[in-house]
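Enquirer: Structure file data08.csv, CSV, C-alpha atoms and all ligand atoms, is pasted below:
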```csv
chain,number,residue,atom,x,y,z
A,247,MET,CA,-85.7,-60.0,93.5
A,248,ASN,CA,-84.1,-58.8,90.3
A,249,THR,CA,-82.5,-55.4,90.2
A,250,THR,CA,-84.1,-52.9,87.7
A,251,ASN,CA,-82.1,-50.1,86.2
A,252,VAL,CA,-83.8,-47.5,84.0
A,253,LEU,CA,-82.3,-44.3,82.6
A,254,PHE,CA,-84.2,-41.7,80.6
A,255,PRO,CA,-83.1,-38.6,78.8
A,256,GLY,CA,-84.5,-35.2,79.7
A,257,TYR,CA,-86.1,-33.4,76.8
A,258,THR,CA,-86.8,-29.9,75.5
A,259,VAL,CA,-89.3,-29.3,72.7
A,260,GLY,CA,-89.4,-25.9,71.2
A,261,SER,CA,-88.9,-23.9,68.0
A,262,GLY,CA,-85.9,-22.0,66.7
A,263,LEU,CA,-83.1,-20.8,68.9
A,264,ALA,CA,-85.3,-21.0,72.0
A,265,THR,CA,-85.0,-24.8,71.9
A,266,TYR,CA,-81.4,-24.4,73.1
A,267,GLU,CA,-81.8,-21.7,75.7
A,268,LYS,CA,-80.9,-24.1,78.5
A,269,LEU,CA,-78.2,-26.0,76.5
A,270,GLY,CA,-75.3,-24.4,78.3
A,271,GLU,CA,-76.9,-25.2,81.7
A,272,PHE,CA,-77.8,-28.8,80.8
A,273,CYS,CA,-74.3,-29.6,79.4
A,274,ALA,CA,-72.2,-27.7,82.0
A,275,ALA,CA,-71.7,-30.7,84.3
A,276,TYR,CA,-70.2,-32.7,81.4
A,277,GLY,CA,-67.4,-30.4,80.2
A,278,LYS,CA,-66.9,-27.7,77.7
A,279,LYS,CA,-66.0,-29.2,74.3
A,280,ALA,CA,-68.7,-30.8,72.1
A,281,VAL,CA,-68.3,-32.5,68.8
A,282,VAL,CA,-71.4,-32.5,66.6
A,283,ILE,CA,-71.8,-35.7,64.6
A,284,GLY,CA,-74.7,-36.3,62.2
A,285,GLY,CA,-76.0,-36.8,58.7
A,286,GLU,CA,-75.2,-34.4,55.9
A,287,LYS,CA,-78.6,-32.9,55.7
A,288,ALA,CA,-79.0,-32.8,59.4
A,289,LEU,CA,-75.7,-31.0,59.9
A,290,ALA,CA,-76.6,-28.4,57.2
A,291,ALA,CA,-79.9,-27.8,59.0
A,292,ILE,CA,-78.5,-27.6,62.5
A,293,LYS,CA,-75.1,-26.0,62.0
A,294,PRO,CA,-76.3,-22.3,61.9
A,295,VAL,CA,-78.7,-22.6,64.7
A,296,LEU,CA,-76.4,-24.6,67.0
A,297,THR,CA,-73.4,-22.3,66.3
A,298,GLU,CA,-75.6,-19.4,67.4
A,299,ALA,CA,-77.0,-21.3,70.4
A,300,VAL,CA,-73.7,-21.9,72.1
A,301,LYS,CA,-72.7,-18.2,71.9
A,302,GLY,CA,-72.5,-16.8,75.4
A,303,THR,CA,-72.3,-20.3,76.9
A,304,ASP,CA,-69.3,-22.2,78.2
A,305,ILE,CA,-69.8,-24.9,75.5
A,306,GLU,CA,-67.4,-24.8,72.5
A,307,ILE,CA,-68.3,-26.8,69.4
A,308,VAL,CA,-64.9,-28.2,68.2
A,309,ALA,CA,-66.2,-29.7,64.9
A,310,PHE,CA,-69.1,-30.8,62.8
A,311,GLU,CA,-68.4,-34.4,61.6
A,312,TRP,CA,-70.4,-36.4,59.1
A,313,TYR,CA,-71.2,-39.9,60.5
A,314,GLY,CA,-70.5,-41.7,57.3
A,315,GLY,CA,-74.0,-42.4,55.9
A,316,VAL,CA,-74.5,-45.9,57.5
A,317,SER,CA,-74.9,-46.8,61.1
A,318,SER,CA,-72.0,-49.3,61.1
A,319,TYR,CA,-69.2,-50.3,63.5
A,320,GLU,CA,-66.8,-49.3,60.8
A,321,ASN,CA,-68.1,-45.8,60.6
A,322,GLY,CA,-68.2,-45.6,64.3
A,323,ASP,CA,-64.5,-46.7,64.5
A,324,LYS,CA,-63.5,-44.0,61.9
A,325,LEU,CA,-65.2,-41.4,64.1
A,326,LEU,CA,-63.5,-42.7,67.2
A,327,ALA,CA,-60.1,-42.3,65.5
A,328,LEU,CA,-60.7,-38.5,64.8
A,329,ASP,CA,-58.9,-36.1,67.1
A,330,THR,CA,-62.0,-33.9,67.2
A,331,VAL,CA,-63.9,-36.8,68.7
A,332,LYS,CA,-61.0,-37.9,71.0
A,333,ASN,CA,-60.6,-34.4,72.4
A,334,ALA,CA,-64.3,-33.7,72.9
A,335,ASP,CA,-66.0,-33.9,76.3
A,336,MET,CA,-69.4,-34.8,74.9
A,337,ILE,CA,-71.1,-35.8,71.7
A,338,PHE,CA,-74.0,-33.9,70.1
A,339,ALA,CA,-75.7,-36.6,68.0
A,340,CYS,CA,-77.9,-35.1,65.3
A,341,GLY,CA,-80.0,-36.4,62.5
A,342,GLY,CA,-82.3,-39.4,62.0
A,343,GLY,CA,-82.2,-42.8,63.6
A,344,LYS,CA,-79.2,-44.1,61.7
A,345,ALA,CA,-76.9,-41.1,62.5
A,346,ILE,CA,-78.0,-41.1,66.1
A,347,ASP,CA,-77.6,-44.8,66.5
A,348,CYS,CA,-74.0,-44.7,65.1
A,349,CYS,CA,-73.3,-41.9,67.7
A,350,LYS,CA,-74.5,-44.3,70.4
A,351,TYR,CA,-71.7,-46.7,69.5
A,352,VAL,CA,-69.1,-43.8,69.5
A,353,ALA,CA,-70.4,-42.6,72.9
A,354,MET,CA,-70.3,-46.1,74.3
A,355,GLN,CA,-66.8,-46.9,73.1
A,356,SER,CA,-65.4,-43.5,74.1
A,357,LYS,CA,-67.3,-43.4,77.4
A,358,LYS,CA,-68.4,-39.9,76.6
A,359,PRO,CA,-71.9,-38.5,77.4
A,360,PHE,CA,-74.1,-37.7,74.5
A,361,PHE,CA,-77.0,-35.3,73.7
A,362,THR,CA,-79.5,-35.8,70.9
A,363,PHE,CA,-80.8,-33.4,68.3
A,364,PRO,CA,-83.3,-35.2,66.1
A,365,THR,CA,-83.9,-33.4,62.8
A,366,ILE,CA,-86.7,-35.7,61.6
A,367,ALA,CA,-89.5,-37.5,63.4
A,368,ALA,CA,-89.3,-41.0,61.9
A,369,THR,CA,-88.3,-43.0,65.0
A,370,CYS,CA,-87.7,-42.8,68.8
A,371,ALA,CA,-83.9,-43.3,68.4
A,372,SER,CA,-83.1,-40.0,70.1
A,373,THR,CA,-84.8,-41.1,73.3
A,374,THR,CA,-83.7,-44.8,73.6
A,375,ALA,CA,-80.3,-46.4,74.3
A,376,ILE,CA,-80.9,-49.0,71.6
A,377,ALA,CA,-78.9,-48.9,68.4
A,378,VAL,CA,-79.6,-50.7,65.1
A,379,MET,CA,-76.3,-51.4,63.4
A,380,TYR,CA,-75.7,-52.3,59.7
A,381,TYR,CA,-72.9,-53.7,57.6
A,382,PRO,CA,-71.2,-51.1,55.4
A,383,SER,CA,-73.3,-52.4,52.5
A,384,GLY,CA,-76.4,-51.2,54.4
A,385,VAL,CA,-77.7,-54.7,55.3
A,386,GLN,CA,-78.8,-54.9,59.0
A,387,LYS,CA,-76.2,-56.6,61.2
A,388,ASP,CA,-77.3,-56.4,64.8
A,389,VAL,CA,-78.8,-54.4,67.6
A,390,PHE,CA,-77.1,-53.3,70.9
A,391,VAL,CA,-78.4,-51.6,74.0
A,392,GLY,CA,-76.0,-48.9,75.1
A,393,PRO,CA,-75.1,-48.3,78.8
A,394,ARG,CA,-77.4,-45.3,78.8
A,395,PRO,CA,-79.6,-43.1,76.5
A,396,ALA,CA,-78.8,-39.4,75.8
A,397,ILE,CA,-78.5,-37.1,78.7
A,398,HIS,CA,-80.9,-34.7,77.0
A,399,ASN,CA,-83.0,-34.6,73.8
A,400,PHE,CA,-83.3,-31.2,72.1
A,401,ILE,CA,-86.3,-31.4,69.8
A,402,ASN,CA,-86.5,-28.3,67.5
A,403,LEU,CA,-89.9,-28.4,65.7
A,404,ASP,CA,-88.8,-25.8,63.1
A,405,ILE,CA,-86.2,-28.2,61.8
A,406,ILE,CA,-88.5,-31.2,61.9
A,407,ALA,CA,-91.3,-29.3,60.2
A,408,LYS,CA,-89.0,-28.5,57.3
A,409,ALA,CA,-87.8,-32.1,56.8
A,410,PRO,CA,-89.3,-34.3,54.1
A,411,LYS,CA,-92.8,-35.3,55.1
A,412,THR,CA,-92.4,-39.1,54.4
A,413,TYR,CA,-90.3,-39.4,57.7
A,414,LEU,CA,-93.1,-38.0,59.8
A,415,TRP,CA,-95.7,-40.0,57.8
A,416,ALA,CA,-93.8,-43.3,58.4
A,417,GLY,CA,-93.0,-42.3,62.0
A,418,MET,CA,-96.7,-42.0,62.6
A,419,GLY,CA,-97.3,-45.5,61.1
A,420,ASP,CA,-94.7,-47.1,63.4
A,421,THR,CA,-96.1,-45.3,66.4
A,422,LEU,CA,-99.5,-46.8,65.8
A,423,ALA,CA,-97.9,-50.1,66.3
A,424,LYS,CA,-96.8,-49.1,69.8
A,425,TYR,CA,-100.3,-48.0,70.5
A,426,THR,CA,-101.9,-51.3,69.6
A,427,GLU,CA,-99.3,-54.0,69.9
A,428,VAL,CA,-98.1,-53.3,73.4
A,429,PRO,CA,-101.6,-53.6,75.0
A,430,PHE,CA,-102.3,-56.6,72.9
A,431,CYS,CA,-99.2,-58.4,74.0
A,432,ALA,CA,-99.8,-57.5,77.7
A,433,ARG,CA,-103.4,-58.4,77.8
A,434,GLY,CA,-104.2,-60.8,80.7
A,435,LEU,CA,-100.6,-60.7,82.1
A,436,GLU,CA,-99.9,-59.8,85.7
A,437,LEU,CA,-97.1,-57.2,85.2
A,438,ALA,CA,-94.6,-55.6,87.6
A,439,HIS,CA,-94.3,-51.8,87.6
A,440,LYS,CA,-91.5,-51.6,85.0
A,441,ASP,CA,-93.7,-53.3,82.4
A,442,ASN,CA,-97.1,-52.0,83.5
A,443,LEU,CA,-96.1,-48.4,83.3
A,444,PRO,CA,-95.3,-48.5,79.6
A,445,VAL,CA,-98.5,-50.4,78.8
A,446,VAL,CA,-100.4,-47.5,80.4
A,447,MET,CA,-98.1,-44.9,78.7
A,448,SER,CA,-98.7,-46.5,75.3
A,449,SER,CA,-102.1,-44.8,75.1
A,450,MET,CA,-100.1,-41.5,74.7
A,451,THR,CA,-98.5,-42.8,71.5
A,452,GLY,CA,-101.7,-43.2,69.4
A,453,ASP,CA,-104.2,-41.0,71.2
A,454,PRO,CA,-102.4,-37.7,70.2
A,455,LEU,CA,-101.9,-39.0,66.6
A,456,LEU,CA,-105.6,-39.8,66.2
A,457,LYS,CA,-106.5,-36.4,67.6
A,458,TYR,CA,-103.8,-34.2,66.0
A,459,GLY,CA,-102.0,-36.3,63.4
A,460,THR,CA,-104.0,-35.2,60.3
A,461,LYS,CA,-103.5,-31.5,61.1
A,462,ALA,CA,-99.8,-32.2,62.0
A,463,MET,CA,-99.2,-33.7,58.5
A,464,GLU,CA,-100.8,-30.6,56.9
A,465,ASP,CA,-98.6,-28.3,59.0
A,466,ALA,CA,-95.5,-30.3,58.1
A,467,LYS,CA,-96.3,-29.7,54.5
A,468,THR,CA,-96.1,-25.9,55.0
A,469,GLY,CA,-93.3,-26.1,57.5
A,470,ASN,CA,-95.5,-24.8,60.4
A,471,ALA,CA,-94.3,-25.8,63.8
A,472,SER,CA,-97.8,-25.9,65.3
A,473,PHE,CA,-99.2,-27.2,68.5
A,474,GLU,CA,-100.6,-30.2,66.6
A,475,LEU,CA,-97.3,-31.0,65.1
A,476,GLU,CA,-95.7,-30.8,68.5
A,477,GLN,CA,-98.2,-33.4,69.9
A,478,ALA,CA,-97.5,-35.7,67.1
A,479,VAL,CA,-93.8,-35.4,67.2
A,480,LEU,CA,-93.7,-36.0,70.9
A,481,ALA,CA,-95.8,-39.2,70.5
A,482,ILE,CA,-93.3,-40.5,67.9
A,483,ILE,CA,-90.0,-39.3,69.3
A,484,LEU,CA,-90.6,-39.3,73.1
A,485,THR,CA,-93.5,-41.5,74.2
A,486,SER,CA,-92.6,-44.3,71.9
A,487,GLY,CA,-89.0,-44.1,73.2
A,488,LEU,CA,-90.0,-44.2,76.8
A,489,VAL,CA,-92.3,-47.2,76.2
A,490,SER,CA,-89.5,-49.0,74.4
A,491,SER,CA,-87.0,-48.2,77.1
A,492,LEU,CA,-89.2,-49.6,79.8
A,493,ILE,CA,-91.0,-52.6,78.4
A,494,ASP,CA,-89.8,-56.2,78.1
A,495,ILE,CA,-88.8,-56.7,74.5
A,496,ASN,CA,-91.3,-59.6,74.1
A,497,LEU,CA,-94.1,-57.2,74.8
A,498,ASN,CA,-92.9,-54.4,72.5
A,499,SER,CA,-94.2,-55.7,69.2
A,500,SER,CA,-96.7,-58.1,67.7
A,501,MET,CA,-98.5,-59.0,64.5
A,502,GLY,CA,-98.1,-55.5,62.9
A,503,HIS,CA,-94.4,-56.0,62.9
A,504,ALA,CA,-94.6,-59.7,62.0
A,505,ILE,CA,-96.6,-58.8,58.9
A,506,PHE,CA,-94.1,-56.1,58.0
A,507,TYR,CA,-91.2,-58.6,58.2
A,508,GLY,CA,-93.2,-61.1,56.2
A,509,MET,CA,-93.9,-58.5,53.6
A,510,THR,CA,-90.1,-57.8,53.1
A,511,VAL,CA,-90.0,-61.1,51.1
A,512,LEU,CA,-91.6,-59.1,48.3
A,513,PRO,CA,-89.2,-57.0,46.3
A,514,GLN,CA,-91.6,-54.1,45.8
A,515,ILE,CA,-91.8,-53.7,49.6
A,516,GLU,CA,-88.1,-53.8,50.1
A,517,GLU,CA,-87.5,-51.3,47.3
A,518,ARG,CA,-90.3,-48.8,47.6
A,519,HIS,CA,-92.1,-49.0,50.9
A,520,LEU,CA,-91.1,-47.8,54.4
A,521,HIS,CA,-91.0,-49.7,57.7
A,522,GLY,CA,-93.6,-47.6,59.5
A,523,GLU,CA,-95.8,-47.5,56.4
A,524,VAL,CA,-96.1,-51.3,56.1
A,525,VAL,CA,-96.2,-51.8,59.9
A,526,SER,CA,-99.3,-49.6,60.1
A,527,TYR,CA,-101.0,-51.9,57.5
A,528,GLY,CA,-100.0,-54.9,59.7
A,529,VAL,CA,-101.6,-53.1,62.7
A,530,LEU,CA,-105.0,-52.9,60.8
A,531,CYS,CA,-104.7,-56.7,60.2
A,532,MET,CA,-104.1,-57.3,63.8
A,533,LEU,CA,-107.1,-55.2,64.9
A,534,MET,CA,-109.2,-57.0,62.4
A,535,MET,CA,-108.1,-60.4,63.6
A,536,ASP,CA,-108.6,-59.4,67.2
A,537,LYS,CA,-112.1,-57.9,66.5
A,538,GLN,CA,-111.2,-54.6,68.0
A,539,THR,CA,-113.8,-52.9,65.8
A,540,GLU,CA,-113.9,-49.5,67.4
A,541,LYS,CA,-110.1,-49.1,67.3
A,542,LEU,CA,-110.0,-50.5,63.8
A,543,ASP,CA,-112.6,-47.8,62.6
A,544,GLN,CA,-110.6,-45.0,64.3
A,545,ILE,CA,-107.2,-46.0,63.1
A,546,TYR,CA,-108.4,-46.9,59.6
A,547,LYS,CA,-110.0,-43.4,59.3
A,548,PHE,CA,-106.9,-41.7,60.5
A,549,MET,CA,-104.6,-43.7,58.2
A,550,LYS,CA,-106.9,-42.9,55.2
A,551,SER,CA,-106.7,-39.2,56.0
A,552,ILE,CA,-102.9,-39.2,55.7
A,553,GLY,CA,-102.6,-41.8,53.0
A,554,LEU,CA,-101.1,-44.7,55.0
A,555,PRO,CA,-101.9,-48.1,53.3
A,556,THR,CA,-105.1,-49.8,54.4
A,557,LYS,CA,-105.2,-52.5,51.7
A,558,LEU,CA,-102.7,-54.7,49.7
A,559,ALA,CA,-103.0,-52.6,46.5
A,560,ASP,CA,-101.8,-49.5,48.4
A,561,MET,CA,-98.4,-51.3,48.7
A,562,GLU,CA,-98.5,-52.8,45.2
A,563,VAL,CA,-99.2,-56.2,46.6
A,564,SER,CA,-101.8,-58.6,45.1
A,565,ILE,CA,-103.8,-61.3,46.9
A,566,ASP,CA,-101.9,-64.1,45.2
A,567,GLU,CA,-98.6,-62.9,46.7
A,568,ILE,CA,-99.7,-63.2,50.3
A,569,GLU,CA,-98.9,-66.9,51.0
A,570,PRO,CA,-95.1,-66.5,51.3
A,571,VAL,CA,-95.7,-63.3,53.3
A,572,ILE,CA,-97.8,-65.3,55.8
A,573,ASP,CA,-95.3,-68.2,55.9
A,574,SER,CA,-92.6,-65.8,56.9
A,575,ALA,CA,-94.7,-63.6,59.3
A,576,VAL,CA,-95.9,-66.5,61.3
A,577,THR,CA,-92.2,-67.5,62.2
A,578,LYS,CA,-91.4,-64.0,63.7
A,579,TYR,CA,-90.6,-63.6,67.4
A,580,ASP,CA,-92.9,-60.6,67.5
A,581,ILE,CA,-95.9,-62.9,67.8
A,582,GLU,CA,-94.5,-65.3,70.4
A,583,VAL,CA,-96.1,-63.5,73.3
A,584,GLY,CA,-99.7,-62.5,73.2
A,585,PRO,CA,-103.2,-63.4,74.6
A,586,TYR,CA,-103.5,-66.3,72.2
A,587,GLU,CA,-101.6,-68.1,69.5
A,588,ILE,CA,-101.7,-66.5,66.0
A,589,THR,CA,-101.9,-69.0,63.2
A,590,LYS,CA,-101.4,-68.7,59.5
A,591,ASP,CA,-105.1,-69.2,58.9
A,592,MET,CA,-105.9,-66.3,61.3
A,593,MET,CA,-103.4,-64.0,59.5
A,594,ARG,CA,-104.8,-64.9,56.1
A,595,GLN,CA,-108.4,-64.4,57.2
A,596,ALA,CA,-107.5,-61.0,58.7
A,597,ILE,CA,-105.8,-59.9,55.4
A,598,LEU,CA,-108.9,-61.0,53.4
A,599,ASP,CA,-111.4,-59.4,55.9
A,600,LEU,CA,-109.5,-56.2,55.7
A,601,GLU,CA,-109.7,-56.2,51.9
A,602,GLU,CA,-113.5,-56.6,52.3
A,603,TYR,CA,-113.6,-53.9,54.9
A,604,ASN,CA,-111.9,-51.4,52.5
A,605,LYS,CA,-114.8,-51.9,50.0
A,606,THR,CA,-117.4,-50.7,52.5
A,607,HIS,CA,-115.4,-48.0,54.3
B,1,ZN,ZN,-91.2,-50.6,64.0
```
Let me see whether you can do it: turn the structure in this file into structure tokens.
Ligand SMILES: [Zn+2]
Expert:
Amino acid sequence: MNTTNVLFPGYTVGSGLATYEKLGEFCAAYGKKAVVIGGEKALAAIKPVLTEAVKGTDIEIVAFEWYGGVSSYENGDKLLALDTVKNADMIFACGGGKAIDCCKYVAMQSKKPFFTFPTIAATCASTTAIAVMYYPSGVQKDVFVGPRPAIHNFINLDIIAKAPKTYLWAGMGDTLAKYTEVPFCARGLELAHKDNLPVVMSSMTGDPLLKYGTKAMEDAKTGNASFELEQAVLAIILTSGLVSSLIDINLNSSMGHAIFYGMTVLPQIEERHLHGEVVSYGVLCMLMMDKQTEKLDQIYKFMKSIGLPTKLADMEVSIDEIEPVIDSAVTKYDIEVGPYEITKDMMRQAILDLEEYNKTH
């Protein structure tokens, strides 16, 4: 028997100051002094509300520190050298995925507990223990899995509703991958509890998006922290993170991601298109190849409604550019595990079939 260890953060979702009404209670067991580390915009958004939130609690915020702009070991080491970080009992990591991931390194090295305060809904970084690390130049270096995720994740919908909409938009695109790739990879496999649970949970990544995602995008445009926005944000930030935390890495992604990585050989993709955006296009290709017509119709319709790309031209890509994309995509580890082998011919045919599908839908 292998031993299985799984740790999850608790979470609060709310709006305004009420999001933090239990902050003092939840942090009490970990000390009194907190250092807030985050991105510039995130700190600006959260500083007034967090300063107010700790009033009347035993928690003292010792400093607000900028993380450095890149999730790098170098920036993490600079933070570790600060007295404000050394003297803190706990870390409040706030911002998007990069700022929070950099804080995971600081927390791991300093052996301090951390709490997350996502200010955008682009990824599930505030829920998972995984951190993507970059060279100071911004080129991706490696990924590590920390000893544990955040103790608690405080999701303030007002702040997320006021953030630029492209984050939510791309976050929805990447979450559609969890919805479709995880069950695809797991099809036909006899799974133990730890891997079977996230396969079942993955329905709660995409179902809320298909139901509420279009309205959630509209509400985000007006800064309205609505019920629909909450459902979409939780699918992206929380459910995706829980699925990722549980599932075997080989079952966590498939052809949607392989096509994204393949697409990055094209400069226009690298320069002007987002991960979640291109991944969602890859998801449509996978559904086309796998002949999941009902799901393809549903997801296509939803993606159209919020302007995610459904055809090559939406990403400034032409048909005669796809060969190197497929050459690269077919080598990615994402497609190693699945119900059948995915070949270059199958990928190409799916891309072409999707172009045709666009003409009639
Ligand atoms: Zn992704």
Enquirer: Would you mind reading off the distance between CA of Tyr381 in chain A and CA of Ser318 in chain A, one decimal, in Å?
Expert: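 Separation of CA of Tyr381 in chain A and CA of Ser318 in chain A: 5.7 Å.
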Enquirer: With all atoms listed in the file counted, which protein, DNA or RNA residues have an atom no more than 10 Å from (-94.0, -40.0, 54.6) in the file frame? Please answer as a PDB file with C-alpha atoms, keeping the file's coordinate frame.
Expert:
```pdb
ATOM      1  CA  ALA A 368     -89.300 -41.000  61.900  1.00  0.00           C
ATOM      2  CA  PRO A 410     -89.300 -34.300  54.100  1.00  0.00           C
ATOM      3  CA  LYS A 411     -92.800 -35.300  55.100  1.00  0.00           C
ATOM      4  CA  THR A 412     -92.400 -39.100  54.400  1.00  0.00           C
ATOM      5  CA  TYR A 413     -90.300 -39.400  57.700  1.00  0.00           C
ATOM      6  CA  LEU A 414     -93.100 -38.000  59.800  1.00  0.00           C
ATOM      7  CA  TRP A 415     -95.700 -40.000  57.800  1.00  0.00           C
ATOM      8  CA  ALA A 416     -93.800 -43.300  58.400  1.00  0.00           C
ATOM      9  CA  GLY A 417     -93.000 -42.300  62.000  1.00  0.00           C
ATOM     10  CA  MET A 418     -96.700 -42.000  62.600  1.00  0.00           C
ATOM     11  CA  GLY A 419     -97.300 -45.500  61.100  1.00  0.00           C
ATOM     12  CA  MET A 463     -99.200 -33.700  58.500  1.00  0.00           C
ATOM     13  CA  HIS A 519     -92.100 -49.000  50.900  1.00  0.00           C
ATOM     14  CA  LEU A 520     -91.100 -47.800  54.400  1.00  0.00           C
ATOM     15  CA  GLY A 522     -93.600 -47.600  59.500  1.00  0.00           C
ATOM     16  CA  GLU A 523     -95.800 -47.500  56.400  1.00  0.00           C
ATOM     17  CA  ILE A 552    -102.900 -39.200  55.700  1.00  0.00           C
ATOM     18  CA  GLY A 553    -102.600 -41.800  53.000  1.00  0.00           C
ATOM     19  CA  LEU A 554    -101.100 -44.700  55.000  1.00  0.00           C
TER      20      LEU A 554
END
```
Enquirer: Can you tell me, as a ChimeraX atom specification, what residues are no more than 10 Å from range 446-449 of chain A when counting all atoms listed in the file, ignoring any on the same chain fewer than 3 positions away?
Expert: /A:421-429,441-443,452-454,481,485-486,488-490
Enquirer: Restricted to C-alpha atoms, what would the selected residues look like written as a PDB file, keeping the file's coordinate frame?
Expert:
```
ATOM      1  CA  THR A 421     -96.100 -45.300  66.400  1.00  0.00           C
ATOM      2  CA  LEU A 422     -99.500 -46.800  65.800  1.00  0.00           C
ATOM      3  CA  ALA A 423     -97.900 -50.100  66.300  1.00  0.00           C
ATOM      4  CA  LYS A 424     -96.800 -49.100  69.800  1.00  0.00           C
ATOM      5  CA  TYR A 425    -100.300 -48.000  70.500  1.00  0.00           C
ATOM      6  CA  THR A 426    -101.900 -51.300  69.600  1.00  0.00           C
ATOM      7  CA  GLU A 427     -99.300 -54.000  69.900  1.00  0.00           C
ATOM      8  CA  VAL A 428     -98.100 -53.300  73.400  1.00  0.00           C
ATOM      9  CA  PRO A 429    -101.600 -53.600  75.000  1.00  0.00           C
ATOM     10  CA  ASP A 441     -93.700 -53.300  82.400  1.00  0.00           C
ATOM     11  CA  ASN A 442     -97.100 -52.000  83.500  1.00  0.00           C
ATOM     12  CA  LEU A 443     -96.100 -48.400  83.300  1.00  0.00           C
ATOM     13  CA  GLY A 452    -101.700 -43.200  69.400  1.00  0.00           C
ATOM     14  CA  ASP A 453    -104.200 -41.000  71.200  1.00  0.00           C
ATOM     15  CA  PRO A 454    -102.400 -37.700  70.200  1.00  0.00           C
ATOM     16  CA  ALA A 481     -95.800 -39.200  70.500  1.00  0.00           C
ATOM     17  CA  THR A 485     -93.500 -41.500  74.200  1.00  0.00           C
ATOM     18  CA  SER A 486     -92.600 -44.300  71.900  1.00  0.00           C
ATOM     19  CA  LEU A 488     -90.000 -44.200  76.800  1.00  0.00           C
ATOM     20  CA  VAL A 489     -92.300 -47.200  76.200  1.00  0.00           C
ATOM     21  CA  SER A 490     -89.500 -49.000  74.400  1.00  0.00           C
TER      22      SER A 490
END
```
Enquirer: So that I can see what lies close to Asp599 in chain A, please list as a list in words the residues with an atom at most 10 Å from it, counting all atoms listed in the file and leaving out residues fewer than 4 positions away in the same chain.
Expert: Cys531, Met534, Met535, Met593, Arg594, Gln595, Tyr603 and Asn604 of chain A
Enquirer: Please extract the residues at most 7 Å from ligand ZN 1 (chain B), counting all atoms listed in the file, and provide them as an MDAnalysis selection string, using the chain letters and residue numbers of this document.
Expert: chainID A and resid 420 503 521:522 525
Enquirer: Near range 348-352 of chain A, counting only C-alpha atoms, which residues have an atom at most 9 Å away, once you skip same-chain residues fewer than 2 positions from it, shown as an NGL selection string?
Expert: :A and (283-284 or 313 or 316-319 or 321-323 or 325-326 or 331 or 337-340 or 343-346 or 354-358 or 360 or 375-379 or 390 or 392 or 394-396)
Enquirer: Any idea what's packed within 12 Å of Gly260 in chain A, counting only C-alpha atoms, ignoring anything in its chain fewer than 2 positions away? Could you give it as a ChimeraX atom specification?
Expert: /A:257-258,262-268,363,399-407,471-473,475-477,479-480
Enquirer: Quick check, in Å to one decimal: how far apart do CA of Ile292 in chain A and CA of Ala327 in chain A lie?
Expert: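 We find that CA of Ile292 in chain A and CA of Ala327 in chain A lie 23.7 Å from each other.
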Enquirer: Any idea what's packed within 10 Å of Glu516 in chain A, counting all atoms listed in the file, ignoring anything in its chain fewer than 6 positions away? Could you give it as a PDB file with C-alpha atoms, in the coordinates of the input?
Expert:
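Final file, part13.pdb:
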```pdb
ATOM      1  CA  TYR A 507     -91.200 -58.600  58.200  1.00  0.00           C
ATOM      2  CA  MET A 509     -93.900 -58.500  53.600  1.00  0.00           C
ATOM      3  CA  THR A 510     -90.100 -57.800  53.100  1.00  0.00           C
TER       4      THR A 510
END
```
Enquirer: Taking a cut-off of 9 Å and counting only C-alpha atoms, can you build a table that, for each residue of range 418-521 of chain A near range 559-565 of chain A, reports the nearest atom pair and how far apart they are in Å (one decimal), sorted by chain then residue number, as a tab-separated table?
Expert:
```
residue	atom	partner	partner_atom	distance
A:Leu512	CA	A:Val563	CA	8.3
A:Gln514	CA	A:Glu562	CA	7.0
A:Ile515	CA	A:Met561	CA	7.1
A:Arg518	CA	A:Met561	CA	8.5
A:His519	CA	A:Met561	CA	7.1
```
Enquirer: Any idea what the distance is between CA of Arg433 in chain A and CA of Ala371 in chain A?
Expert: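 Interatomic distance here is 26.4 Å.
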Enquirer: Between A:His398, A:Lys279, A:His439, A:His607, which has the minimum distance to Lys550 in chain A (counting all atoms listed in the file)?
Expert: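 Residue with the minimum atom-to-atom distance to Lys550 in chain A: A:His607.
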Enquirer: N, CA, C and O atoms for range 322-326 of chain A, written as an mmCIF file, in the coordinates of the input, could you do that?
Expert:
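selection25.cif, freshly written:
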```cif
data_model
loop_
_atom_site.group_PDB
_atom_site.id
_atom_site.type_symbol
_atom_site.label_atom_id
_atom_site.label_comp_id
_atom_site.auth_asym_id
_atom_site.auth_seq_id
_atom_site.Cartn_x
_atom_site.Cartn_y
_atom_site.Cartn_z
ATOM 1 N N GLY A 322 -68.361 -45.969 62.947
ATOM 2 C CA GLY A 322 -68.200 -45.600 64.300
ATOM 3 C C GLY A 322 -66.665 -45.581 64.688
ATOM 4 O O GLY A 322 -66.162 -44.651 65.331
ATOM 5 N N ASP A 323 -65.931 -46.614 64.239
ATOM 6 C CA ASP A 323 -64.500 -46.700 64.500
ATOM 7 C C ASP A 323 -63.726 -45.549 63.847
ATOM 8 O O ASP A 323 -62.764 -45.016 64.408
ATOM 9 N N LYS A 324 -64.156 -45.173 62.631
ATOM 10 C CA LYS A 324 -63.500 -44.000 61.900
ATOM 11 C C LYS A 324 -63.703 -42.755 62.754
ATOM 12 O O LYS A 324 -62.782 -41.948 62.885
ATOM 13 N N LEU A 325 -64.893 -42.580 63.272
ATOM 14 C CA LEU A 325 -65.200 -41.400 64.100
ATOM 15 C C LEU A 325 -64.344 -41.402 65.367
ATOM 16 O O LEU A 325 -63.787 -40.380 65.777
ATOM 17 N N LEU A 326 -64.232 -42.585 65.972
ATOM 18 C CA LEU A 326 -63.500 -42.700 67.200
ATOM 19 C C LEU A 326 -61.990 -42.364 67.029
ATOM 20 O O LEU A 326 -61.316 -41.947 67.962
#
```
